[in-house]
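K.L.:
Handing you this structure, nothing more for now.
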Amino acid sequence: MACRVMNKRRHIGLQQLSSFAQTGRTFLGPVKSSKFIIDEECHQSVFISSTVRLLESLDMTSAVGQLLNEAVQAQNSTYRTGATTLLFLAGAWSSAVEECLHLGVPISIIVSVMSEGLNSCCEEVLSLQVPVHDIFDHMDSMEAVSEFETVSVSLCPFLQDPSGASSIQEKHNLKDMAPHLSPHNLCGRPVKSLEFFKPQANIEATENTSQALKTSLRADTCFRKSVLIHSRHLNRTATSQWLQKPDRFLELCGDTTFQTYRCHDLVELATGLSHGDASSMKLVEEAVRLQHQSACMQPGNCVVPFVFDISRLFTFCLPGLPEALSCVCPGYITLVSTSSAAVVQELQSQPIRVILIQGDLTKSYRHLGFNKSTNIKTVLDSMDLQEDSSEEVWAKHVLQLLFQFSVNLVLVEGDVSEHLAEKCRHSNRLVVGSVNGRAIQALAEATGAVQVAYITQVNEDCVGSGISVTLWKNPLDAVDRSNRMAVLLKTEGINVITAVLASPVSAQMQTKEDRFWTCAYRVYHALKEEKVFLGGSAVEFLCLSHLHILAEQPLHKGDHACLGWLHDTSSWLASSLAVYRPTVLKCLASGWHKYLSVLLYNTATYSSELEASTFIQQHLQNAIDSGCPSSYILKEYNKLNSGIFNSDISNTVEHIPRVYDVLTPKIEAWRRALDLVLLVLQTDSEIITGSGHAQIKSQKLEGFLFL
Amino acid sequence: MMSCFEAQKPSLCHSDPLTAEKVRATLAVLKGILTSCYGPYGRLKQLHSGTGGSVCTTSQSTVLLRNLPVTHPILKILTASVQNHVSCFSDCGLFTAILCCNLIENVQKTELTAATTIKLNKHLLNFCTSYLRSEGCACRIPVDFSSTQTLLCLVRSILTSKPACMLTRKEVDHISALILRAFLFIIPENTEDPLILGKSIIVPLKGERVIDSALLPGVLLEMSVQLMRMLPVGKSSALKVALFSTSLSGDFSDPGEGNLVVSYGVSLEKAALDQLLDLGRQLVSDHVDLVLCQKVMHPSLKQFLGTHHIMAIDRVGVMLMEPLSKVTGAQPIGSLGPVSPSSYGSVKDWCSAKFGYKHFFHLIPKEATVCSLLLCNRNDTAWDELKLTCETALHALQLTIKEPWVLLGGGCTETHLAAYIRHMIHKEPGSIVQDDECTQAELELIADAFCRALESLAGSLEHDGGEILTDMKHGHFWSVQAGPPSVVNWPDLLSRCGCGVFSNQEGLSWSVLRSTHHPFAPEIHLPHEALGISQQSAHSLTVDCLTAKLSGLKVAVETANLILDLAYVIEDKN
């Protein structure tokens with residue numbers, strides 16, 4: 001066994017963690033800079049712009065890297081959002097913890113106080129939650145809005161970077177449908193500004209900018225236009241309805257009453273959750289609307305409250321085609337070979353009988369868990385040789401079955417024998433392979449078909465009907481180079497929605513798809529939880545100021561809530577907690593501070609992180625002086641509103657996006673980040689087992705002990 | 001053909017293996033690793049292969065010892081006996097291993113003959129166990145099954161001693177309550193002899209919040225969304241259950257070596273499937289409602305059963321077979337032949353449930369003592385640690401049924417025991433060993449080594465540079481911040497002793513544990529009022545499982561004796 005001591009002088013694990021986290025800092029916030037990752041050995045490169053993809057591409061074989069990867073993957077697979085926050089905070093808090101160690105704070109106290117601090121923050125930020133109710137009662141009013149916005153949105157540049165130039169151009173010639181991404185958009189650092197707590201940015205963002213405010217605009221107005229799309233401000237609009245006073249506020253800030261509003265409009269919610277990616281979000285919004293419509297069309301379904309079923313949402317990518325072709329359509333889109341075009345044409349005019357196959361449609365396919373015996377040999381008794389190969393016999397048998405049940409469409413989850421597909425084409429039957437399992441499930445429900453593993457299982461009850469197959473033509477009628485074409489499968493009232501994502505640059509396709517899903521899951525979580533946070537870093541700022549206030553408060557003796565992880569009150573650690581507590585809480589707060597500074601710096605209002613940091617420091621001081629940070633934050637919102645009111649643009653105010661954040665995914669990302677840091681902090685040695693042990697022994701690396 | 005013969009290498013023989021510098025060094029490394037893991041503030045270890053892949057973060061002896069590829073025979077003896085102890089008692093693995101290392105180290109310094117030390121160690125061990133089992137023992141508390149207090153303390157102490165579970169105070173309370181409920185669940189209502197405990201199954205739900213963990217009666221079977229959508233709605237009368245332990249996947253059993261020759265046109269697969277469908281027909285005619293299979297079921301059989309409105313769930317896994325049999329009363333069916341009607345079981349009720357991202361089929365039994373603990377934690381490594389800890393806690397609770405006592409934890413038992421031995425050696429050495437067996441000097445030397453081993457074990461609970469004190473009245477464990485020692489300040493700095501029974505307001509006097517101090521007579525009766533107060537106050541006591549700790553003590557001393565007794569290591573080099 002080899003064993004390495006991790007914290008001889010400085011904690012190696014924490015250092016590794018903060019250096020890993022450094023790689024993802026440009027992904028923080030709505031303005032993201034993309035990266036190329038180049039493999040020097042095989043000269044391949046990947047274009048990435050999300051934390052998850054970044055970590056997939058990095059060599060994370062060290063133990064800490066592995067833990068980090070595990071944490072990010074777990075967050076991503078559960079929530080599909082918050083990975084960047086997790087990565088950044090893990091880094092920021094590792095540095096903060098290192099600082100604590102440097103100051104001589106015992107490890108157990110750091111663990112205890114930090115965990116307590118985060119708990120307290122999570123409770124505190126609940127005061128900034130906005131209820132999301134009755135979203136779908138306002139569907140009619142939304143239609144009008146969407147009409148107005150659909151166009152502009154599909155034209156939004158794909159990159160978060162405010163590449164306003166193309167955006168505005170396209171606006172004028174919509175039908176042109178050929179937005180280009182100028183090369184600088186790909187790699188250029190965003191120059192756009194986004195100011196913390198400042199009303200101007202939002203107003204600039206609106207199209208009908210008031211005269212007075214226009215003075216603050218730079219020449220490059222189109223740039224400003226796109227700021228709107230991804231501003232993460234604490235902006236609240238005047239039209240918001242003052243319905244609810246959360247009890248928390250009353251309790252906290254007895255004399256000053258602050259009002260908050262509900263969010264009950266899908267457009268408002270979606271825009272608020274878009275975090276700068278309005279084009280993807282527009283598609284998500286459209287998908288939700290389509291699903292809602294189809295749910296309402298189902299007889300008797302309108303009584304049941306509508307639930308957005310994200311498992312019925314699919315994506316279909318069109319690499320190399322202009323952005324503007326992105327759209328959402330009901331049904332499932334998949335690829336078939338171009339040689340099937342005639343069959344598809346034929347099927348369009350026929351009633352279709354469909355069967356659904358899980359697994360492959362090949363002769364050799366056997367269900368999972370079936371052990372093939374290798375030592376069975378078939379011998380021929382007589383000399384009457386079969387002219388057909390066994391593959392041929394099988395295909396004939398399948399075809400016969402299809403004929404028997406008059407099946408003309410076979411949807412297969414796995415692979416399809418090419419030979420069989422060919423034979424089916426000749427008899428005007430379409431076999432489609434690699435159909436998503438969730439889509440098969442949905443189609444089974446919609447058509448009444450029963451999924452089977454083997455085609456021999458098919459009987460009359462397994463055959464579904466009521467499905468239609470059409471060639472799906474993109475407006476440019478572009479042909480895929482791979483000789484494949486898209487078909488659209490749909491039934492009456494199906495809740496399956498496919499989002500068609502187009503990107504002129506193929507390398508961005510993956511990113512585009514990831515972003516779409518991030519947006520979709522944000523909306524999904526918001527609708528599921530029926531509440532969102534006020535966004536635009538409001539919650540993070542509240543945490544920052546809350547921790548500073550907490551640090552100043554004296555610790556009451558016997559206050560067990562403050563003990564956090566110090567389960568055992570008898571240790572000297574419990575009695576000396578009060579001495580170290582302010583230091584540790586401030587270190588924890590410094591993580592938020594760093595987060596906010598980098599966020600502001602990334603959105604490019606400030607030329608340096610230092611400048612951004614100073615700005616936050618000022619607001620922090622104000623917030624602390626005000627005695628009630630949450631009321632301070634809301635007051636800033638109020639100022640914003642009055643600012644908008646005073647200008648003559650109240651008619652467009654509805655279109656100013658408010659910014660929201662998802663609730664649980666965010667809090668869980670914080671917790672996972674801190675858990676990871678604390679886990680690494682408490683680790684004092686790595687033990688290398690198995691063959692790795694021999695390797696190290698042969699290399700005679702320094703700092704290892706052997707058993 | 002040519003054969004190659006090689007001369008046998010001679011075996012290597014080392015005498016007095018313990019004196020070798022290398023052995024001492026590796027023993028010290030092992031001790032260092034184990035000591036640094038000990039207790040609620042113990043440090044964690046990352047176990048990984050060094051070539052990527054999963055990383056395990058732990059401070060539990062079970063995981064550590066399983067993964068440490070120790071090479072030296074002496075270390076192997078040590079790890080093997082600790083692992084053996086842990087497999088029987090779950091708890092107190094680190095205690096055993098560290099105590100054993102301490103004993104070896106301390107005894108070696110005395111330079112007495114192995115025979116004397118082994119004999120005296122045995123006497124000391126007997127003295128300790130008889131004291132800890134005696135009525136007058138001042139470091140054990142009776143378990144009161146009429147209240148949850150002591151049992152909760154025991155569970156909480158075990159949970160908090162594993163920091164890699166990453167639990168907050170609130171989460172510890174939640175999980176402790178669940179574990180205690182699980183324990184109460186598996187005790188059958190009619191207490192006939194012999195008492196057969198039920199089973200609690202831990203169902204993983206990784207990635208969710210700890211606070212979402214739950215305890216449910218019966219068995220949870222994970223199933224696919226697809227199956228869930230196929231389930232009939234609203235059928236909730238009793239179900240007739242068939243439970244298969246054989247594979248129903250339609251493959252044929254391994255024909256062994258050699259080839260199996262079949263003639264063209266004969267399909268073995270078809271024959272196997274026909275056999276399965278025959279079985280299916282019997283299940284239909286026997287009016288079975290639910291078919292459970294440990295392994296895979298052929299899709300055609302599933303479809304056949306489905307058309308006859310029989311629910312079929314396959315890939316249940318071997319772990320659930322026993323509980324399923326218990327819950328339903330069904331006998332696992334191991335063949336494809338005709339099913340005897342007596343093998344069928346029944347279940348009162350079922351429902352489908354969704355927890356986190358998983359769908360479950362929930363079998364609710366009539367009165368079986370089987371429950372499922374749905375355990376959540378944020379990341380994999382913390383979940384694994386939590387699962388193991390929960391199993392340990394459940395086991396410790398079960399051990400209290402046999403011996404309804406708990407020992408004071410937090411180092412207090414060790415320091416008290418050491419103080420008591422020192423006192424007895426001073427006052428009446430005859431109670432430990434007969435006069436004619438050894439000299440008083442020898443006894444004092446070995447007893448001192450023994451006591452120091454116990455005391456430094458208690459001292460291993462401190463990882464942040466604090467100082468350990470002991471009070472001169474009860475001999476309990478107290479921790480204080482290190483720094484310039486000023487005896488006057490101690491009462492202000494100290495709050496409670498390690499186990500939480502005594503507070504600083506009882507006019508105690510303290511001394512540093514490491515320093516030599518005069519033997520004193522520790523009070524050997526726990527004041528009842530002390531116990532009463534601490535049970536009502538917010539403080540929870542730290543307690544340990546008596547059975548596990550006694551066994552640990554025994555294993556540690558005996559293993560140390562065995563290692564000390566080793567004269568030669570003979571190594572076969574072939």
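For the structure tokens, the naming scheme is as follows: chains receive sequential letters (A, B, ...) according to their order of presentation, residues are indexed from 1 within each chain, and ligands are indexed from 1 in presentation order.
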Within 8 Å of Ala63 in chain A, counting only C-alpha atoms, which residues show up once you throw out same-chain ones fewer than 5 positions away? Write them as a ChimeraX atom specification, please.
P.N.:
/A:686 /B:46,48,50,52,55
K.L.:
Name all residues at most 12 Å from Ser460 in chain B (count only C-alpha atoms; drop same-chain ones fewer than 3 positions away) and give them as a PyMOL selection string.
P.N.:
chain B and resi 31-43+94-95+98-99+102+410-411+414+452-457+463-468+477+479+514
K.L.:
For Val328 in chain A, which residue among A:Phe308, A:Tyr580, A:Phe316, A:Phe370 is the nearest when counting only C-alpha atoms?
P.N.:
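Under the stated criterion, the closest residue is A:Phe316.
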K.L.:
Calculated over only C-alpha atoms, which of the candidates A:Val505, A:Leu588, A:Val113, A:Ala71 has the smallest distance to Cys317 in chain A?
P.N.:
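Looking only at the distances to Cys317 in chain A, the closest residue turns out to be A:Val505.
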K.L.:
Skip range 399-405 of chain A itself and residues of its chain fewer than 6 positions away, then list as a PyMOL selection string all residues within 9 Å of it, counting only C-alpha atoms.
P.N.:
chain A and resi 353+420+423-424+427+429+455-456+458-460+463
K.L.:
Give me, as number ranges by chain, the contact residues of chain B against chain A at a cut-off of 6 Å, counting only C-alpha atoms.
P.N.:
B: 26, 43-50, 52, 68-70, 168-169, 249, 251, 259-264, 296, 464, 479-481, 496-498
K.L.:
Restricted to C-alpha atoms, what would the selected residues look like written as a PDB file, in the first residue's frame?
P.N.:
ATOM      1  CA  THR B  26       5.344  -0.316   8.748  1.00  0.00           C
ATOM      2  CA  ARG B  43      -9.416  12.637   9.297  1.00  0.00           C
ATOM      3  CA  LEU B  44     -10.573  10.937   6.160  1.00  0.00           C
ATOM      4  CA  LYS B  45      -8.636   8.816   3.702  1.00  0.00           C
ATOM      5  CA  GLN B  46      -9.036   8.789  -0.034  1.00  0.00           C
ATOM      6  CA  LEU B  47      -8.764   5.278  -1.376  1.00  0.00           C
ATOM      7  CA  HIS B  48      -8.176   4.986  -5.092  1.00  0.00           C
ATOM      8  CA  SER B  49      -6.243   2.938  -7.558  1.00  0.00           C
ATOM      9  CA  GLY B  50      -3.999   5.778  -8.705  1.00  0.00           C
ATOM     10  CA  GLY B  52      -8.415   7.096 -12.282  1.00  0.00           C
ATOM     11  CA  LEU B  68      -4.996  -1.989   2.410  1.00  0.00           C
ATOM     12  CA  PRO B  69      -2.834  -4.523   0.604  1.00  0.00           C
ATOM     13  CA  VAL B  70      -0.541  -5.212   3.523  1.00  0.00           C
ATOM     14  CA  THR B 168     -25.483  18.062   9.618  1.00  0.00           C
ATOM     15  CA  ARG B 169     -26.976  18.053  13.085  1.00  0.00           C
ATOM     16  CA  SER B 249     -34.644 -15.864 -19.496  1.00  0.00           C
ATOM     17  CA  ASP B 251     -31.353 -19.699 -22.084  1.00  0.00           C
ATOM     18  CA  ASN B 259     -19.904 -29.393 -27.910  1.00  0.00           C
ATOM     19  CA  LEU B 260     -23.580 -30.024 -28.005  1.00  0.00           C
ATOM     20  CA  VAL B 261     -24.696 -31.164 -31.411  1.00  0.00           C
ATOM     21  CA  VAL B 262     -28.255 -30.617 -32.548  1.00  0.00           C
ATOM     22  CA  SER B 263     -29.703 -31.451 -35.904  1.00  0.00           C
ATOM     23  CA  TYR B 264     -30.866 -28.818 -38.322  1.00  0.00           C
ATOM     24  CA  VAL B 296     -34.134 -12.210 -16.024  1.00  0.00           C
ATOM     25  CA  ASP B 464      -6.521  19.366  16.351  1.00  0.00           C
ATOM     26  CA  SER B 479     -10.429  17.952  26.333  1.00  0.00           C
ATOM     27  CA  VAL B 480      -9.012  21.436  26.536  1.00  0.00           C
ATOM     28  CA  GLN B 481      -7.356  23.803  24.110  1.00  0.00           C
ATOM     29  CA  ARG B 496     -18.321  18.511  29.808  1.00  0.00           C
ATOM     30  CA  CYS B 497     -16.445  15.268  29.870  1.00  0.00           C
ATOM     31  CA  GLY B 498     -16.145  13.199  26.694  1.00  0.00           C
TER      32      GLY B 498
END
K.L.:
Report, in Å with one decimal, the straight-line distance from CA of Phe185 in chain B to CA of Leu546 in chain B.
P.N.:
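If I compute the distance from CA of Phe185 in chain B to CA of Leu546 in chain B, I get 22.4 Å.
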K.L.:
Run DSSP on the backbone of this structure and report the residues of range 331-504 of chain A it assigns to strand (DSSP E or B), as number ranges by chain.
P.N.:
A: 332-337, 353-357, 361, 376-379, 409-412, 416, 430-432, 451-452, 464-465, 467-471, 484-491, 497-503
K.L.:
Just want the 8 Å neighbourhood of Val82 in chain B, counted on only C-alpha atoms, with same-chain residues fewer than 5 positions away dropped. Output as a list of chain:residue names.
P.N.:
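Once the adjacent positions are removed, what remains is B:Gly93, B:Thr96, B:Ala97, B:Val555, B:Ala556.
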K.L.:
Keeping N, CA and C atoms, export the residues of the selection given above as a compact mmCIF listing (two decimals), in the first residue's frame.
P.N.:
# COMPACT_ATOMS: atom_id res chain seq x y z
N GLY B 93 -14.03 -1.29 15.25
CA GLY B 93 -12.89 -1.82 14.49
C GLY B 93 -11.63 -1.01 14.71
N THR B 96 -10.19 -1.52 18.19
CA THR B 96 -9.45 -2.76 18.30
C THR B 96 -8.06 -2.65 17.70
N ALA B 97 -8.02 -2.13 16.46
CA ALA B 97 -6.74 -2.07 15.75
C ALA B 97 -5.75 -1.15 16.46
N VAL B 555 -10.16 -9.00 21.43
CA VAL B 555 -9.43 -9.28 20.18
C VAL B 555 -8.11 -8.52 20.17
N ALA B 556 -8.15 -7.26 20.63
CA ALA B 556 -6.94 -6.45 20.61
C ALA B 556 -5.86 -7.08 21.47
K.L.:
For CA of Glu41 in chain A and CA of Glu56 in chain A, quote the distance in Å rounded to one decimal.
P.N.:
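Value for the CA of Glu41 in chain A-CA of Glu56 in chain A distance: 17.3 Å.
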K.L.:
Please list as a ChimeraX atom specification every residue within 12 Å of Tyr524 in chain A, counting only C-alpha atoms and excluding residues in the same chain fewer than 2 positions away.
P.N.:
/A:79-81,132,266,269-270,273,281,284-285,287-288,307-313,517-522,526-532,662-665
K.L.:
Would you write out those residues with N, CA and C atoms, as a CSV table (one decimal), in the first residue's frame?
P.N.:
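Saved file result-v2.csv follows:
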chain,number,residue,atom,x,y,z
A,79,TYR,N,-30.1,17.7,-12.0
A,79,TYR,CA,-30.8,19.0,-12.2
A,79,TYR,C,-30.5,19.6,-13.6
A,80,ARG,N,-29.5,19.2,-14.2
A,80,ARG,CA,-29.1,19.7,-15.5
A,80,ARG,C,-28.7,21.2,-15.5
A,81,THR,N,-28.6,21.7,-14.3
A,81,THR,CA,-28.2,23.1,-14.2
A,81,THR,C,-27.4,23.3,-12.9
A,132,VAL,N,-44.6,30.9,-8.2
A,132,VAL,CA,-45.0,30.7,-9.6
A,132,VAL,C,-46.4,30.0,-9.6
A,266,LEU,N,-46.1,32.8,-18.4
A,266,LEU,CA,-45.0,31.9,-18.9
A,266,LEU,C,-43.9,32.7,-19.5
A,269,LEU,N,-41.8,34.2,-16.9
A,269,LEU,CA,-41.0,33.2,-16.3
A,269,LEU,C,-39.8,32.7,-17.2
A,270,ALA,N,-40.2,32.4,-18.4
A,270,ALA,CA,-39.2,31.9,-19.3
A,270,ALA,C,-38.1,32.9,-19.6
A,273,LEU,N,-35.8,33.1,-16.7
A,273,LEU,CA,-34.9,32.0,-16.5
A,273,LEU,C,-33.9,31.8,-17.6
A,281,MET,N,-34.4,29.6,-25.0
A,281,MET,CA,-35.5,29.7,-24.1
A,281,MET,C,-36.8,29.9,-24.8
A,284,VAL,N,-38.0,26.6,-25.8
A,284,VAL,CA,-38.5,25.9,-24.6
A,284,VAL,C,-39.9,26.3,-24.3
A,285,GLU,N,-40.1,27.7,-24.4
A,285,GLU,CA,-41.4,28.2,-24.1
A,285,GLU,C,-42.4,27.7,-25.0
A,287,ALA,N,-42.3,25.0,-26.7
A,287,ALA,CA,-42.6,23.6,-26.5
A,287,ALA,C,-43.6,23.4,-25.3
A,288,VAL,N,-43.4,24.2,-24.3
A,288,VAL,CA,-44.3,24.1,-23.1
A,288,VAL,C,-45.7,24.4,-23.6
A,307,VAL,N,-49.2,19.5,-16.3
A,307,VAL,CA,-47.8,19.3,-15.8
A,307,VAL,C,-46.9,19.2,-17.0
A,308,PHE,N,-45.8,20.0,-17.0
A,308,PHE,CA,-44.9,20.0,-18.1
A,308,PHE,C,-44.1,18.7,-18.0
A,309,ASP,N,-44.2,17.8,-19.0
A,309,ASP,CA,-43.6,16.5,-19.0
A,309,ASP,C,-42.3,16.6,-19.8
A,310,ILE,N,-41.2,16.8,-19.2
A,310,ILE,CA,-40.0,17.0,-19.9
A,310,ILE,C,-39.5,15.7,-20.6
A,311,SER,N,-40.0,14.6,-20.1
A,311,SER,CA,-39.5,13.3,-20.7
A,311,SER,C,-40.1,13.2,-22.1
A,312,ARG,N,-41.1,14.1,-22.4
A,312,ARG,CA,-41.7,14.0,-23.8
A,312,ARG,C,-41.1,15.0,-24.7
A,313,LEU,N,-40.0,15.6,-24.3
A,313,LEU,CA,-39.4,16.6,-25.1
A,313,LEU,C,-38.1,16.1,-25.7
A,517,TRP,N,-31.2,22.2,-23.4
A,517,TRP,CA,-31.7,21.4,-22.3
A,517,TRP,C,-31.6,22.1,-20.9
A,518,THR,N,-30.5,22.9,-20.8
A,518,THR,CA,-30.4,23.7,-19.5
A,518,THR,C,-31.6,24.5,-19.3
A,519,CYS,N,-32.0,25.2,-20.4
A,519,CYS,CA,-33.2,26.1,-20.3
A,519,CYS,C,-34.4,25.3,-20.0
A,520,ALA,N,-34.5,24.2,-20.7
A,520,ALA,CA,-35.7,23.4,-20.5
A,520,ALA,C,-35.9,22.9,-19.1
A,521,TYR,N,-34.7,22.5,-18.5
A,521,TYR,CA,-34.8,22.0,-17.2
A,521,TYR,C,-35.0,23.1,-16.2
A,522,ARG,N,-34.5,24.3,-16.5
A,522,ARG,CA,-34.8,25.4,-15.6
A,522,ARG,C,-36.3,25.6,-15.5
A,526,ALA,N,-38.7,25.1,-12.2
A,526,ALA,CA,-39.5,26.2,-11.7
A,526,ALA,C,-41.0,25.9,-11.7
A,527,LEU,N,-41.5,25.2,-12.7
A,527,LEU,CA,-42.9,24.8,-12.8
A,527,LEU,C,-43.2,23.8,-11.7
A,528,LYS,N,-42.2,22.8,-11.5
A,528,LYS,CA,-42.4,21.8,-10.6
A,528,LYS,C,-42.5,22.3,-9.2
A,529,GLU,N,-41.5,23.2,-8.9
A,529,GLU,CA,-41.4,23.7,-7.5
A,529,GLU,C,-42.4,24.8,-7.2
A,530,GLU,N,-43.0,25.3,-8.3
A,530,GLU,CA,-43.9,26.4,-8.2
A,530,GLU,C,-43.3,27.6,-7.5
A,531,LYS,N,-42.0,27.7,-7.5
A,531,LYS,CA,-41.4,29.0,-7.0
A,531,LYS,C,-40.0,29.1,-7.6
A,532,VAL,N,-39.6,30.4,-7.7
A,532,VAL,CA,-38.3,30.7,-8.2
A,532,VAL,C,-37.7,31.7,-7.3
A,662,VAL,N,-33.6,29.2,-10.5
A,662,VAL,CA,-34.2,28.0,-10.0
A,662,VAL,C,-33.8,27.8,-8.6
A,663,LEU,N,-34.7,27.2,-7.8
A,663,LEU,CA,-34.5,27.2,-6.3
A,663,LEU,C,-33.7,26.0,-5.9
A,664,THR,N,-34.2,24.8,-5.9
A,664,THR,CA,-33.5,23.7,-5.3
A,664,THR,C,-32.2,23.4,-6.1
A,665,PRO,N,-32.2,23.4,-7.4
A,665,PRO,CA,-30.9,23.2,-8.1
A,665,PRO,C,-29.8,24.1,-7.6
K.L.:
So that I can see what lies close to Lys427 in chain B, please list as number ranges by chain the residues with an atom at most 12 Å from it, counting only C-alpha atoms and leaving out residues fewer than 4 positions away in the same chain.
P.N.:
B: 420-423, 431-432, 440, 444, 519-521
K.L.:
Give me the residues within 12 Å of range 270-284 of chain B as an mmCIF file with C-alpha atoms, in the first residue's frame, counting only C-alpha atoms and dropping any in the same chain fewer than 6 places off.
P.N.:
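That gives us out_15.cif:
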data_model
loop_
_atom_site.group_PDB
_atom_site.id
_atom_site.type_symbol
_atom_site.label_atom_id
_atom_site.label_comp_id
_atom_site.auth_asym_id
_atom_site.auth_seq_id
_atom_site.Cartn_x
_atom_site.Cartn_y
_atom_site.Cartn_z
ATOM 1 C CA PHE A 370 -29.839 -14.154 -22.149
ATOM 2 C CA THR A 456 -42.116 -12.947 -33.060
ATOM 3 C CA GLN A 457 -44.018 -11.643 -30.045
ATOM 4 C CA LYS B 240 -51.038 -14.449 -4.930
ATOM 5 C CA VAL B 241 -47.292 -14.401 -5.428
ATOM 6 C CA ALA B 242 -44.834 -16.735 -7.146
ATOM 7 C CA LEU B 243 -41.175 -16.127 -6.417
ATOM 8 C CA PHE B 244 -38.569 -17.564 -8.790
ATOM 9 C CA THR B 246 -34.073 -19.553 -11.227
ATOM 10 C CA SER B 247 -33.512 -17.625 -14.404
ATOM 11 C CA LEU B 248 -36.567 -17.400 -16.646
ATOM 12 C CA SER B 249 -34.644 -15.864 -19.496
ATOM 13 C CA GLY B 250 -35.027 -18.866 -21.772
ATOM 14 C CA ASP B 251 -31.353 -19.699 -22.084
ATOM 15 C CA PHE B 252 -30.233 -23.265 -21.487
ATOM 16 C CA SER B 253 -28.089 -24.316 -18.654
ATOM 17 C CA LEU B 290 -47.691 -11.398 -9.213
ATOM 18 C CA VAL B 291 -44.566 -13.146 -10.488
ATOM 19 C CA LEU B 292 -41.221 -12.084 -9.076
ATOM 20 C CA MET B 297 -37.484 -13.166 -17.502
ATOM 21 C CA HIS B 298 -37.977 -13.824 -21.187
ATOM 22 C CA PRO B 299 -39.894 -10.954 -22.834
ATOM 23 C CA SER B 300 -42.300 -13.423 -24.383
ATOM 24 C CA LEU B 301 -43.137 -14.902 -21.003
ATOM 25 C CA LYS B 302 -43.651 -11.406 -19.623
ATOM 26 C CA GLN B 303 -45.944 -10.617 -22.502
ATOM 27 C CA PHE B 304 -47.850 -13.856 -21.977
ATOM 28 C CA LEU B 305 -48.321 -13.105 -18.286
ATOM 29 C CA GLY B 306 -49.226 -9.511 -19.102
ATOM 30 C CA THR B 307 -52.058 -10.592 -21.383
ATOM 31 C CA HIS B 308 -53.431 -12.637 -18.495
ATOM 32 C CA HIS B 309 -53.203 -9.658 -16.143
ATOM 33 C CA ILE B 310 -50.344 -11.066 -14.115
ATOM 34 C CA MET B 311 -47.769 -8.530 -12.988
ATOM 35 C CA ALA B 312 -44.215 -9.651 -13.615
ATOM 36 C CA ILE B 333 -38.891 -21.706 -6.976
ATOM 37 C CA SER B 335 -36.771 -25.075 -11.375
ATOM 38 C CA LEU B 336 -38.846 -24.750 -14.514
ATOM 39 C CA GLY B 337 -40.863 -27.859 -13.735
ATOM 40 C CA PRO B 338 -44.416 -27.860 -12.419
ATOM 41 C CA VAL B 339 -44.817 -25.555 -9.440
ATOM 42 C CA SER B 340 -46.045 -27.001 -6.184
ATOM 43 C CA PRO B 341 -49.018 -24.964 -4.923
ATOM 44 C CA SER B 343 -44.646 -22.519 -2.961
ATOM 45 C CA TYR B 344 -47.010 -19.656 -3.599
#
